[in-house]
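Dumped my_file.txt below, it's compact mmCIF, C-alpha atoms:
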```
# COMPACT_ATOMS: atom_id res chain seq x y z
CA MET Q 1 8.28 -36.31 14.20
CA THR Q 2 9.71 -32.81 14.13
CA LEU Q 3 7.96 -29.70 15.33
CA TYR Q 4 7.92 -28.37 11.77
CA GLN Q 5 6.23 -31.50 10.39
CA THR Q 6 3.66 -31.66 13.20
CA THR Q 7 2.79 -28.00 12.83
CA PHE Q 8 2.50 -28.34 9.06
CA GLU Q 9 0.17 -31.33 9.42
CA ASN Q 10 -2.09 -29.33 11.75
CA PHE Q 11 -1.98 -26.38 9.34
CA ASN Q 12 -2.76 -28.62 6.38
CA LYS Q 13 -5.60 -30.42 8.18
CA ASN Q 14 -7.37 -27.13 9.03
CA TYR Q 15 -6.10 -25.11 6.07
CA ILE Q 16 -8.94 -22.60 5.66
CA GLY Q 17 -9.05 -21.61 9.33
CA SER Q 18 -5.28 -21.70 9.73
CA ALA Q 19 -4.68 -19.59 6.63
CA THR Q 20 -7.26 -17.05 7.77
CA MET Q 21 -5.67 -16.74 11.19
CA ALA Q 22 -2.20 -16.61 9.63
CA VAL Q 23 -3.16 -13.64 7.44
CA ILE Q 24 -4.34 -11.72 10.49
CA GLY Q 25 -1.47 -12.77 12.75
CA GLN Q 26 1.47 -12.32 10.42
CA SER Q 27 0.07 -9.04 9.05
CA CYS Q 28 -0.21 -7.60 12.56
CA LEU Q 29 3.27 -8.85 13.44
CA GLY Q 30 4.62 -7.34 10.22
CA ALA Q 31 2.97 -4.03 11.07
CA ALA Q 32 4.60 -4.07 14.51
CA ALA Q 33 7.97 -4.79 12.90
CA ALA Q 34 7.46 -1.89 10.48
CA MET Q 35 6.62 0.37 13.44
CA TYR Q 36 9.82 -0.58 15.26
CA ILE Q 37 11.86 -0.15 12.08
CA LEU Q 38 10.46 3.32 11.36
CA SER Q 39 10.83 4.42 15.00
CA HIS Q 40 14.58 4.68 14.35
CA GLY Q 41 14.31 7.02 11.40
CA THR Q 42 14.21 6.76 7.62
CA SER Q 43 17.81 6.05 6.69
CA VAL Q 44 18.73 3.73 3.82
CA GLY Q 45 19.25 0.84 6.25
CA GLN Q 46 15.84 1.34 7.78
CA MET Q 47 14.20 1.52 4.37
CA LEU Q 48 15.91 -1.72 3.32
CA GLN Q 49 14.63 -3.43 6.45
CA LEU Q 50 11.16 -2.05 5.79
CA ALA Q 51 11.24 -3.30 2.19
CA VAL Q 52 12.23 -6.80 3.33
CA ILE Q 53 9.46 -7.05 5.92
CA VAL Q 54 6.82 -5.63 3.57
CA MET Q 55 7.81 -8.06 0.82
CA ALA Q 56 7.74 -11.01 3.24
CA CYS Q 57 4.22 -10.12 4.38
CA ILE Q 58 3.04 -9.51 0.81
CA LEU Q 59 4.42 -12.88 -0.31
CA ALA Q 60 2.68 -14.69 2.53
CA ASN Q 61 -0.67 -13.01 1.89
CA THR Q 62 -0.42 -13.38 -1.89
CA SER Q 63 0.45 -17.06 -1.64
CA ILE Q 64 -2.76 -17.64 0.31
CA LEU Q 65 -4.87 -15.63 -2.13
CA ALA Q 66 -3.24 -17.33 -5.13
CA GLN Q 67 -4.08 -20.73 -3.62
CA MET Q 68 -0.54 -22.03 -3.87
CA LYS Q 69 0.41 -25.42 -2.46
CA HIS Q 70 -0.12 -25.62 1.26
CA LYS Q 71 3.55 -26.28 1.99
CA VAL Q 72 4.60 -23.16 0.04
CA VAL Q 73 2.04 -21.06 1.90
CA PHE Q 74 3.19 -22.50 5.23
CA ASN Q 75 6.84 -21.73 4.46
CA PHE Q 76 6.04 -18.14 3.41
CA ILE Q 77 4.06 -17.63 6.61
CA LEU Q 78 6.90 -19.00 8.74
CA THR Q 79 9.43 -16.83 6.92
CA SER Q 80 7.28 -13.74 7.41
CA ILE Q 81 6.81 -14.44 11.11
CA LEU Q 82 10.50 -15.16 11.73
CA LEU Q 83 11.62 -12.04 9.85
CA SER Q 84 9.11 -9.90 11.73
CA ILE Q 85 10.33 -11.22 15.08
CA LEU Q 86 13.95 -10.76 14.03
CA PHE Q 87 13.41 -7.13 12.98
CA ILE Q 88 11.44 -6.38 16.15
CA ILE Q 89 14.28 -7.75 18.28
CA VAL Q 90 16.99 -5.98 16.28
CA ASN Q 91 15.25 -2.60 16.31
CA ASN Q 92 13.93 -2.81 19.86
CA PHE Q 93 16.93 -4.11 21.77
CA ILE Q 94 20.05 -3.75 19.66
CA LEU Q 95 19.70 -0.39 17.90
```

Target format structure tokens, applied to this file:
Amino acid sequence: MTLYQTTFENFNKNYIGSATMAVIGQSCLGAAAAMYILSHGTSVGQMLQLAVIVMACILANTSILAQMKHKVVFNFILTSILLSILFIIVNNFIL
């Protein structure tokens, strides 16, 4: 079984607790990514990065509140987390 499938099964089994922790965790990670993005100024590129990370976090939180299918929620959360980590790395080490 893959890591993705195992993690999804754990998420699905404890959906209420996992979704609650995911809202807190991915929102904080998104806020950190926004901080790193804005620490390099407010150019068009930075604003585009900020828009992407804000939309990813909003989609993840909205999917939980809208009670979408658990797999959709899980995928939005993963996408939000991966984008946040990517933007933190790009803006902390590369730029």

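For the residues Q:Leu3, Q:Glu9, Q:Ala22, Q:Tyr36, ranking by smallest atom-to-atom distance to Phe93 (chain Q) using only C-alpha atoms places Q:Tyr36 first.
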
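Minimum atom-to-atom distances from Q:Gln67, Q:Asn75, Q:Gln49, Q:Ser43 to Val90 (chain Q) were compared using all atoms listed in the file, and the lowest value belongs to Q:Gln49.
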
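Distances from Q:Met47, Q:Ile64, Q:Ala33, Q:Ala19 to Phe87 (chain Q) were compared using only C-alpha atoms, and the smallest one belongs to Q:Ala33.
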
Q: Can you pull out every residue within 9 Å of Val23 (chain Q), counting all atoms listed in the file, but drop anything in the same chain fewer than 2 positions away, and send it as a ChimeraX atom specification?
A: /Q:18-21,25-28,57,60-61,64,77

Q.
Could you list, as a list in words, every residue within 12 Å of Tyr4 (chain Q), counting all atoms listed in the file and ignoring same-chain residues fewer than 6 positions away?
A. Asn10, Phe11, Asn12, Lys71, Phe74, Asn75 and Leu78 of chain Q

Q) How far is it from CA of Ile94 (chain Q) to CA of Ala56 (chain Q), in Å with one decimal? A) 21.8 Å

Q) Near Asn92 (chain Q), within 12 Å and counting only C-alpha atoms, which residues show up once chain neighbours fewer than 4 positions away are dropped, as a PyMOL selection string? A) chain Q and resi 32-40+84-88

Q) CA of Gln5 (chain Q) and CA of Gly30 (chain Q) are how many Å apart? A) 24.2 Å

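Pairwise distance (CA of Phe76 (chain Q), CA of Gly41 (chain Q)) equals 27.7 Å.
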